Number of protein chains: 4
Amino acid sequence: MKLARPLRGIIPPVLTPLANRDQLDGSAFDRLLNYLIEGGSSALFVLGSTGESPGLSDRLRREVIDRACATVGERVPLLVGITDTAFAESLHLAEYVAKAGASALVLSPPYYFNLSQPAFRGYLERLVPLLPLPVYLYNIPSLTKLMIAPETVLAAAQMPNVYGLKDSSGDVDYFARVQSLLADRPDFALLAGVEEILAEMVVRGAHGGVCGGANLYPRLYVDLFEAAARGDVERVRTLQSIVITISNGVYRAGEHESSYLRGLKCASSMLGFGNGLMAEPYFALREEEREGIRAALESVGLLNDSSNVSGNPEVHAGLTP
Amino acid sequence: MKLARPLRGIIPPVLTPLANRDQLDGSAFDRLLNYLIEGGSSALFVLGSTGESPGLSDRLRREVIDRACATVGERVPLLVGITDTAFAESLHLAEYVAKAGASALVLSPPYYFNLSQPAFRGYLERLVPLLPLPVYLYNIPSLTKLMIAPETVLAAAQMPNVYGLKDSSGDVDYFARVQSLLADRPDFALLAGVEEILAEMVVRGAHGGVCGGANLYPRLYVDLFEAAARGDVERVRTLQSIVITISNGVYRAGEHESSYLRGLKCASSMLGFGNGLMAEPYFALREEEREGIRAALESVGLLNDSSNVSGNPEVHAGLTP
Amino acid sequence: MKLARPLRGIIPPVLTPLANRDQLDGSAFDRLLNYLIEGGSSALFVLGSTGESPGLSDRLRREVIDRACATVGERVPLLVGITDTAFAESLHLAEYVAKAGASALVLSPPYYFNLSQPAFRGYLERLVPLLPLPVYLYNIPSLTKLMIAPETVLAAAQMPNVYGLKDSSGDVDYFARVQSLLADRPDFALLAGVEEILAEMVVRGAHGGVCGGANLYPRLYVDLFEAAARGDVERVRTLQSIVITISNGVYRAGEHESSYLRGLKCASSMLGFGNGLMAEPYFALREEEREGIRAALESVGLLNDSSNVSGNPEVHAGLTP
Amino acid sequence: MKLARPLRGIIPPVLTPLANRDQLDGSAFDRLLNYLIEGGSSALFVLGSTGESPGLSDRLRREVIDRACATVGERVPLLVGITDTAFAESLHLAEYVAKAGASALVLSPPYYFNLSQPAFRGYLERLVPLLPLPVYLYNIPSLTKLMIAPETVLAAAQMPNVYGLKDSSGDVDYFARVQSLLADRPDFALLAGVEEILAEMVVRGAHGGVCGGANLYPRLYVDLFEAAARGDVERVRTLQSIVITISNGVYRAGEHESSYLRGLKCASSMLGFGNGLMAEPYFALREEEREGIRAALESVGLLNDSSNVSGNPEVHAGLTP
């Protein structure tokens with residue numbers, strides 16, 4: 001599917017519902033993909049950090065790709081993460097993605113060995129020309145140990161199939177430096193990866209957001225994106241406070257190191273998208289850690305407090321503040 | 001092959017000579033394995049960080065396992081790294097290793113997501129009982145982002161197939177705390193991963209060392225181990241100064257982030273073990289970075305300065321101080 | 001002077017022009033203080049990090065306090081930093097400040113020893129009740145090694161003379177958590193310390209900003225604050241781009257570690273406020289590092305490119321975009 | 001007093017017993033100084049991190065200097081820390097130290113602002129020539145945020161009054177690199193600051209140790225130093241296990257961040273050297289945290305378990321293993 005340049009709007013990093021350790025819950029996955037599309041997503045991104053890609057076997061990754069391609073079809077572009085510590089595995093996965101019919105690839109630095117910027121640049125120069133689809137770089141130094149330098153982004157942007165950057169560093173100053181280096185490249189997508197500052201990033205010129213919370217409430221992030229894009233500060237404030245409620249209530253349960261992902265997957269299962277099983281090394285929240293998440297979902301209207309499970313998450317696709 | 005408990009002596013983390021990006025240089029690998037065994041190694045460890053395992057495809061890893069098992073045979077125990085970010089991949093690899101006939105597994109924390117100690121402990125509790133061979137834990141926080149807490153080592157040591165710990169943190173105080181927790185477990189192997197302090201660790205009670213430099217000069221580390229074990233301080237000093245020469249001369253060429261591994265692989269190729277090709281994301285040293293390595297190899301007698309390539313590394317297997 | 005609660009607007013962290021290593025350039029200091037007041041500052045903050053306080057002798061700090069009190073008078077409130085590694089020195093300095101007639105104190109954690117949150121909380125519980133003036137906490141973990149936890153801020157806010165927090169962590173998420181804990185304390189000032197995200201912080205509810213760049217161009221930050229406060233996104237964008245120009249042009253000269261402060265002091269001297277001398281351990285920029293700063297000042301209209309020194313910085317107090 | 005070059009042996013970093021927040025407990029201090037000299041110390045070091053110098057007022061620092069000079073006299077050399085964030089304060093303190101009659105100064109990087117190596121080198125080039133006594137550099141990056149690069153040590157060693165380096169980084173590899181750069185400077189003292197690896201460092205060529213634990217048991221560290229220096233591995237092992245017992249038992253009570261210093265000061269008070277009061281920001285251990293310390297002191301024979309306070313610490317000056 002052809003990609004708008006720059007890609008704009010909300011692109012949820014899709015969770016991966018699991019039936020068991022090495023099996024997709026395909027039906028929950030389908031429902032989630034549909035929920036996200038109906039909620040106004042501009043595109044979908046599978047096999048990212050939020051999709052627990054590094055914790056999935058190669059076989060399971062391919063199952064996710066096939067299912068996502070089949071379910072999403074031509075409704076919105078589908079982006080697929082191909083990050084791996086082994087060059088050959090990233091390349092093979094990219095080829096699989098292209099054959100399956102997805103629209104683009106997302107690539108972070110290989111994350112085991114410590115890398116210098118020149119080494120990562122050399123890596124991109126070798127890998128990217130071999131990739132059969134457009135590529136978005138993905139900066140997430142808290143997990144990969146490498147901050148992709150603004151100069152490296154600039155260099156990568158010269159390659160014809162590098163279409164944009166998703167930045168999950170949360171560093172506004174970094175973002176501003178990338179923007180200023182790419183000031184003459186209005187086609188290069190700059191996507192905000194930290195949903196708590198989505199509106200700010202959009203006001204500064206980000207073209208869209210990759211928001212984990214959109215798995216729960218896609219319409220909220222879509223509306224926030226649009227309010228920020230048209231400069232409606234009043235509306236931004238209203239919606240931002242809901243975002244903060246989700247962030248405080250859902251992403252802070254359990255141990256600090258894993259609280260975002262474990263909270264998000266738990267909340268998603270409460271909304272009816274699967275059983276909440278996680279790929280190792282993470283594991284589902286304990287019962288006592290789930291209380292606060294339920295309360296947060298209720299307080300933003302995603303869960304009805306008279307029922308334990310919504311059963312019908314589709315009703316939440318429309319934002320009713 | 002049956003493992004002594006505790007495992008003692010020098011266990012080189014074997015380099016992986018490559019013919020090309022996704023192909024083993026089997027002949028160089030065979031020569032290297034033989035060189036290490038003849039140099040007095042107690043066991044061999046393939047597919048560790050030094051073996052660039054995270055940079056190798058699954059297929060190539062299996063090629064390495066097959067070849068190592070065939071070449072090493074029953075001469076010394078063979079340990080194989082199975083660390084992976086995906087639980088299922090580690091498990092599959094472990095099963096492959098067992099079928100191929102190796103002796104033991106080496107396991108680090110899955111290294112993409114940030115982990116708490118309880119989460120890593122839970123991971124071990126799920127994975128280790130499924131593993132078909134003895135396991136050595138491998139602590140290398142600079143790459144995995146997780147320092148395996150002494151208490152976690154203690155808990156793991158209760159599992160019947162956890163046989164020891166390789167510590168590459170370089171933190172002597174950490175090592176002492178692990179030792180003190182495991183004081184009543186003389187069968188639990190404590191292996192030093194930082195060769196610059198091998199002698200100290202042995203004097204403190206480490207049972208052996210996993211020394212990258214042993215790829216170049218196995219006899220040196222074996223002799224150093226033995227001198228330290230018998231408390232021969234004079235001999236320790238002599239040998240340690242050669243270790244430092246190698247460390248300063250070979251591991252500090254090129255960019256800081258990758259200098260150990262790139263220097264080591266370059267030096268190994270100078271000794272005749274393959275072409276020096278590295279798995280991405282690293283890449284071979286540039287010509288001007290190689291000078292210092294050659295000089296260091298010459299100064300410790302591993303290279304003859306009248307010839308460019310030794311051609312006959314076997315002569316160095318005996319230490320001639 | 002009585003402090004509004006919460007304190008609002010732009011509070012420049014005033015530079016300290018030096019005549020020599022241990023002597024204030026009183027005349028340049030006076031001109032700077034007047035420039036900042038005329039530029040619309042709500043209050044002034046001397047002896048902060050930007051004022052190089054930790055690099056000044058006790059005697060010189062007292063000279064700064066006396067001069068600032070005399071020059072500022074009752075025109076705007078004067079805040080004075082009292083952070084020190086020694087409890088007794090902070091206390092003595094606070095008493096001196098009160099006698100000299102300033103309005104409030106600013107306090108960071110003592111920064112030599114590593115502190116836990118409970119230890120810092122205990123420190124506040126001992127020190128704050130002894131302080132003779134209102135206190136603003138100052139969170140700057142990059143220099144003090146301690147992130148003041150939101151819960152610690154909440155606890156401190158219960159003390160009657162703790163009036164607010166200046167946050168220089170640059171962490172929007174941190175700021176949101178503090179805000180949410182203090183939601184029922186509209187009198188507690190939340191001041192943004194990172195000027196590159198001033199507008200965002202104000203939209204989120206910050207009451208003001210402590211902006212180093214205000215030393216160069218007070219009116220710019222005052223206008224930006226006001227535009228953000230009234231939700232004028234168009235104006236915010238225009239002014240923010242000037243802020244980014246200053247940040248990129250002035251704060252990135254010289255070595256990374258010291259580039260903000262060395263660049264700022266150099267630029268201030270170019271505008272006529274002293275000779276640019278710095279307190280050790282920093283030192284003035286070298287000639288070749290000054291080019292970019294001059295260019296940045298010219299591009300935002302603070303320096304006339306036909307003259308080397310403006311001679312009359314007062315003309316810049318009005319913003320002429 | 002004239003200093004041997006290189007300075008050798010054990011140089012305890014002396015604790016500062018306090019009568020109250022801003023008052024020395026002179027009598028306890030005297031007894032401690034005498035205990036350390038009688039225990040075989042080669043020199044004494046006051047106003048270091050262990051002496052809580054950054055937490056002491058200028059006045060109190062001068063009281064410590066005067067008292068130490070008077071009590072120590074010409075029995076052993078006295079080293080005095082002059083580290084401060086303000087250049088002028090370090091210089092004034094150094095002049096005071098010289099007049100008081102001490103033998104040498106100890107200097108760490110100024111620790112508030114982040115420093116590059118060139119900036120710290122420039123700082124040394126300005127300050128050291130003004131200092132009236134020999135200087136030992138002090139590398140303690142965990143507190144100062146700056147690792148003094150080996151090349152910086154080499155450059156400093158060219159200045160005639162820089163006599164040595166105390167390294168508290170705990171990084172053996174760092175130590176080896178410094179050593180190798182200074183191989184032709186046998187007069188330049190290399191002192192180990194991490195007592196848990198004292199023996200190893202001495203075997204590697206360190207000339208002495210600055211061991212906090214020597215405040216409790218000077219003879220132990222002196223004997224360990226001598227055993228290591230003569231290569232008596234058996235004796236080293238025996239003594240090292242006592243060192244580890246002290247380290248594990250005394251330095252791990254209370255919060256992690258402050259456990260070394262709080263534990264040490266508590267233990268010292270149990271041995272009769274003052275009331276255990278600490279300078280802010282630290283504070284004495286709580287009663288329940290003191291149990292383990294008492295037990296550790298008893299197990300190494302420093303406290304008799306039938307009495308609460310030894311009353312006569314002098315008896316411990318001789319090591320009776």
# chains A, B, ... in the order shown; residues from 1 in each chain; ligands from 1
>>> residues_around(residues="Ala28 of chain D", least_positions_apart="3", cutoff="12 Å", atoms="only C-alpha atoms", output="number ranges by chain")
D: 14-19, 24-25, 31-35, 64, 67-68, 71, 268-269, 271-277, 311, 313
>>> select_by_dssp(residues="segment 32-231 of chain A", states="strand (DSSP E or B)", output="CSV table (one decimal) with N, CA and C atoms, in the first residue's frame")
chain,number,residue,atom,x,y,z
A,44,LEU,N,-0.7,1.0,11.0
A,44,LEU,CA,-0.5,0.2,12.2
A,44,LEU,C,1.0,-0.3,12.1
A,45,PHE,N,1.5,-0.5,13.3
A,45,PHE,CA,2.9,-0.9,13.4
A,45,PHE,C,3.0,-2.2,14.3
A,46,VAL,N,3.3,-3.3,13.7
A,46,VAL,CA,3.4,-4.6,14.4
A,46,VAL,C,4.8,-5.0,14.6
A,78,LEU,N,0.6,-0.9,6.7
A,78,LEU,CA,1.1,-1.8,7.8
A,78,LEU,C,2.6,-1.7,7.8
A,79,LEU,N,3.1,-1.3,9.0
A,79,LEU,CA,4.6,-1.2,9.2
A,79,LEU,C,5.0,-2.4,10.1
A,80,VAL,N,6.2,-3.0,9.8
A,80,VAL,CA,6.6,-4.2,10.5
A,80,VAL,C,8.0,-4.0,11.0
A,81,GLY,N,8.2,-4.2,12.3
A,81,GLY,CA,9.6,-4.1,12.9
A,81,GLY,C,10.5,-5.3,12.5
A,104,ALA,N,5.8,-1.2,4.9
A,104,ALA,CA,7.1,-0.6,5.3
A,104,ALA,C,7.7,-1.3,6.5
A,105,LEU,N,9.0,-1.0,6.8
A,105,LEU,CA,9.8,-1.6,7.8
A,105,LEU,C,10.1,-0.6,8.9
A,106,VAL,N,10.4,-1.1,10.1
A,106,VAL,CA,10.8,-0.2,11.2
A,106,VAL,C,12.1,-0.9,11.7
A,107,LEU,N,13.1,-0.1,11.9
A,107,LEU,CA,14.4,-0.6,12.2
A,107,LEU,C,15.1,0.2,13.3
A,135,VAL,N,11.7,2.3,4.9
A,135,VAL,CA,12.2,2.0,6.3
A,135,VAL,C,12.0,3.3,7.1
A,136,TYR,N,11.5,3.1,8.3
A,136,TYR,CA,11.5,4.1,9.4
A,136,TYR,C,12.5,3.7,10.4
A,137,LEU,N,13.4,4.7,10.8
A,137,LEU,CA,14.3,4.4,11.9
A,137,LEU,C,13.5,4.6,13.2
A,138,TYR,N,14.0,3.9,14.2
A,138,TYR,CA,13.3,3.9,15.5
A,138,TYR,C,14.4,4.1,16.6
A,139,ASN,N,14.3,5.2,17.2
A,139,ASN,CA,15.3,5.6,18.2
A,139,ASN,C,14.7,5.3,19.6
A,162,VAL,N,14.7,5.5,3.1
A,162,VAL,CA,14.5,5.8,4.5
A,162,VAL,C,13.4,7.0,4.5
A,163,TYR,N,12.3,6.7,5.1
A,163,TYR,CA,11.2,7.6,5.0
A,163,TYR,C,10.9,8.4,6.3
A,164,GLY,N,11.5,8.0,7.4
A,164,GLY,CA,11.2,8.8,8.6
A,164,GLY,C,11.9,8.2,9.8
A,165,LEU,N,11.6,8.9,11.0
A,165,LEU,CA,12.1,8.5,12.3
A,165,LEU,C,11.0,8.5,13.3
A,166,LYS,N,11.0,7.4,14.0
A,166,LYS,CA,10.2,7.4,15.2
A,166,LYS,C,11.1,7.6,16.4
A,167,ASP,N,10.8,8.6,17.2
A,167,ASP,CA,11.7,8.9,18.3
A,167,ASP,C,11.0,8.6,19.7
A,189,ALA,N,9.2,11.8,7.6
A,189,ALA,CA,8.3,11.8,8.7
A,189,ALA,C,9.0,11.8,10.1
A,190,LEU,N,8.6,12.6,11.0
A,190,LEU,CA,9.1,12.6,12.3
A,190,LEU,C,7.9,12.2,13.2
A,191,LEU,N,8.1,11.1,13.9
A,191,LEU,CA,7.0,10.5,14.7
A,191,LEU,C,7.3,10.5,16.1
A,192,ALA,N,6.4,10.9,17.0
A,192,ALA,CA,6.7,11.0,18.4
A,192,ALA,C,6.4,9.7,19.1
A,208,GLY,N,3.3,12.9,13.5
A,208,GLY,CA,2.3,11.9,14.0
A,208,GLY,C,2.9,11.3,15.3
A,209,GLY,N,2.2,10.3,15.8
A,209,GLY,CA,2.6,9.7,17.0
A,209,GLY,C,2.4,8.2,17.0
>>> interface_residues(of="chain C", to="chain D", cutoff="10 Å", atoms="only C-alpha atoms", output="number ranges by chain")
C: 21-22, 49, 52-60, 84-90, 92, 109-124, 126-127, 142-145, 255-258, 261, 279-283
>>> atom_distance(atom1="atom CA of Arg204 of chain C", atom2="atom CA of Tyr217 of chain A")
21.5 Å
>>> select_by_dssp(residues="segment 47-284 of chain A", states="alpha helix (DSSP H)", output="number ranges by chain")
A: 58-72, 87-100, 117-127, 141-144, 150-157, 172-181, 198-204, 218-229, 233-250, 259-270
>>> atom_distance(atom1="atom CA of Ile11 of chain D", atom2="atom CA of Val210 of chain D")
4.9 Å
>>> atom_distance(atom1="atom CA of Asn215 of chain C", atom2="atom CA of Ala183 of chain A")
27.9 Å
>>> closest_residue(among="A:Ile148, A:Ile65, A:Ala253, A:Val178", to="Ser108 of chain A", atoms="only C-alpha atoms")
A:Ile148
>>> decode(residues="segment 175-250 of chain D", atoms="C-alpha atoms", output="PDB file, in the first residue's frame")
ATOM      1  CA  PHE D 175      44.994   1.223  37.403  1.00  0.00           C
ATOM      2  CA  ALA D 176      47.030  -0.918  35.026  1.00  0.00           C
ATOM      3  CA  ARG D 177      46.840   1.735  32.342  1.00  0.00           C
ATOM      4  CA  VAL D 178      48.002   4.451  34.710  1.00  0.00           C
ATOM      5  CA  GLN D 179      50.833   2.212  35.813  1.00  0.00           C
ATOM      6  CA  SER D 180      51.931   1.518  32.308  1.00  0.00           C
ATOM      7  CA  LEU D 181      51.955   5.236  31.419  1.00  0.00           C
ATOM      8  CA  LEU D 182      54.021   5.958  34.515  1.00  0.00           C
ATOM      9  CA  ALA D 183      56.347   3.003  34.211  1.00  0.00           C
ATOM     10  CA  ASP D 184      59.421   5.230  34.251  1.00  0.00           C
ATOM     11  CA  ARG D 185      58.324   7.147  37.325  1.00  0.00           C
ATOM     12  CA  PRO D 186      59.057   4.895  40.314  1.00  0.00           C
ATOM     13  CA  ASP D 187      58.809   7.955  42.546  1.00  0.00           C
ATOM     14  CA  PHE D 188      55.158   8.576  41.686  1.00  0.00           C
ATOM     15  CA  ALA D 189      52.968   7.002  44.360  1.00  0.00           C
ATOM     16  CA  LEU D 190      50.035   4.858  43.261  1.00  0.00           C
ATOM     17  CA  LEU D 191      47.704   4.296  46.177  1.00  0.00           C
ATOM     18  CA  ALA D 192      44.766   1.912  46.186  1.00  0.00           C
ATOM     19  CA  GLY D 193      41.547   3.382  47.519  1.00  0.00           C
ATOM     20  CA  VAL D 194      39.365   0.264  47.490  1.00  0.00           C
ATOM     21  CA  GLU D 195      40.361  -1.885  50.424  1.00  0.00           C
ATOM     22  CA  GLU D 196      38.600  -5.010  49.196  1.00  0.00           C
ATOM     23  CA  ILE D 197      41.228  -5.275  46.443  1.00  0.00           C
ATOM     24  CA  LEU D 198      44.183  -3.855  48.364  1.00  0.00           C
ATOM     25  CA  ALA D 199      46.239  -7.027  48.152  1.00  0.00           C
ATOM     26  CA  GLU D 200      45.707  -7.386  44.427  1.00  0.00           C
ATOM     27  CA  MET D 201      46.673  -3.813  43.812  1.00  0.00           C
ATOM     28  CA  VAL D 202      49.823  -4.190  45.868  1.00  0.00           C
ATOM     29  CA  VAL D 203      50.783  -7.321  43.961  1.00  0.00           C
ATOM     30  CA  ARG D 204      50.285  -5.322  40.778  1.00  0.00           C
ATOM     31  CA  GLY D 205      52.578  -2.635  42.096  1.00  0.00           C
ATOM     32  CA  ALA D 206      50.515  -0.196  44.135  1.00  0.00           C
ATOM     33  CA  HIS D 207      52.708   1.441  46.754  1.00  0.00           C
ATOM     34  CA  GLY D 208      50.088   1.598  49.434  1.00  0.00           C
ATOM     35  CA  GLY D 209      46.452   1.811  50.363  1.00  0.00           C
ATOM     36  CA  VAL D 210      44.026   4.387  51.659  1.00  0.00           C
ATOM     37  CA  CYS D 211      41.656   2.085  53.505  1.00  0.00           C
ATOM     38  CA  GLY D 212      38.606   3.341  55.368  1.00  0.00           C
ATOM     39  CA  GLY D 213      38.528   0.154  57.418  1.00  0.00           C
ATOM     40  CA  ALA D 214      41.880   1.092  58.885  1.00  0.00           C
ATOM     41  CA  ASN D 215      39.940   3.474  61.119  1.00  0.00           C
ATOM     42  CA  LEU D 216      38.692   0.334  62.849  1.00  0.00           C
ATOM     43  CA  TYR D 217      41.617  -2.007  62.565  1.00  0.00           C
ATOM     44  CA  PRO D 218      44.776  -0.350  61.282  1.00  0.00           C
ATOM     45  CA  ARG D 219      47.013  -3.324  61.996  1.00  0.00           C
ATOM     46  CA  LEU D 220      44.907  -5.589  59.783  1.00  0.00           C
ATOM     47  CA  TYR D 221      45.455  -3.470  56.685  1.00  0.00           C
ATOM     48  CA  VAL D 222      49.105  -2.878  57.496  1.00  0.00           C
ATOM     49  CA  ASP D 223      49.675  -6.612  57.819  1.00  0.00           C
ATOM     50  CA  LEU D 224      47.710  -7.302  54.646  1.00  0.00           C
ATOM     51  CA  PHE D 225      49.757  -4.716  52.796  1.00  0.00           C
ATOM     52  CA  GLU D 226      52.979  -6.285  53.985  1.00  0.00           C
ATOM     53  CA  ALA D 227      51.878  -9.829  53.239  1.00  0.00           C
ATOM     54  CA  ALA D 228      50.907  -8.818  49.714  1.00  0.00           C
ATOM     55  CA  ALA D 229      54.143  -6.897  49.224  1.00  0.00           C
ATOM     56  CA  ARG D 230      56.238  -9.939  50.110  1.00  0.00           C
ATOM     57  CA  GLY D 231      54.001 -12.311  48.091  1.00  0.00           C
ATOM     58  CA  ASP D 232      52.767 -14.358  51.044  1.00  0.00           C
ATOM     59  CA  VAL D 233      49.593 -15.680  49.419  1.00  0.00           C
ATOM     60  CA  GLU D 234      48.559 -17.808  52.368  1.00  0.00           C
ATOM     61  CA  ARG D 235      48.688 -14.893  54.768  1.00  0.00           C
ATOM     62  CA  VAL D 236      46.950 -12.672  52.232  1.00  0.00           C
ATOM     63  CA  ARG D 237      44.053 -15.090  52.042  1.00  0.00           C
ATOM     64  CA  THR D 238      43.679 -15.203  55.825  1.00  0.00           C
ATOM     65  CA  LEU D 239      43.728 -11.442  56.237  1.00  0.00           C
ATOM     66  CA  GLN D 240      41.605 -10.781  53.178  1.00  0.00           C
ATOM     67  CA  SER D 241      38.827 -12.876  54.611  1.00  0.00           C
ATOM     68  CA  ILE D 242      38.793 -10.593  57.678  1.00  0.00           C
ATOM     69  CA  VAL D 243      38.679  -7.568  55.388  1.00  0.00           C
ATOM     70  CA  ILE D 244      35.705  -9.078  53.579  1.00  0.00           C
ATOM     71  CA  THR D 245      33.978  -9.772  56.883  1.00  0.00           C
ATOM     72  CA  ILE D 246      34.344  -6.121  57.843  1.00  0.00           C
ATOM     73  CA  SER D 247      33.240  -4.994  54.411  1.00  0.00           C
ATOM     74  CA  ASN D 248      30.172  -7.221  54.371  1.00  0.00           C
ATOM     75  CA  GLY D 249      29.258  -6.626  57.984  1.00  0.00           C
ATOM     76  CA  VAL D 250      30.005  -2.962  58.474  1.00  0.00           C
TER      77      VAL D 250
END
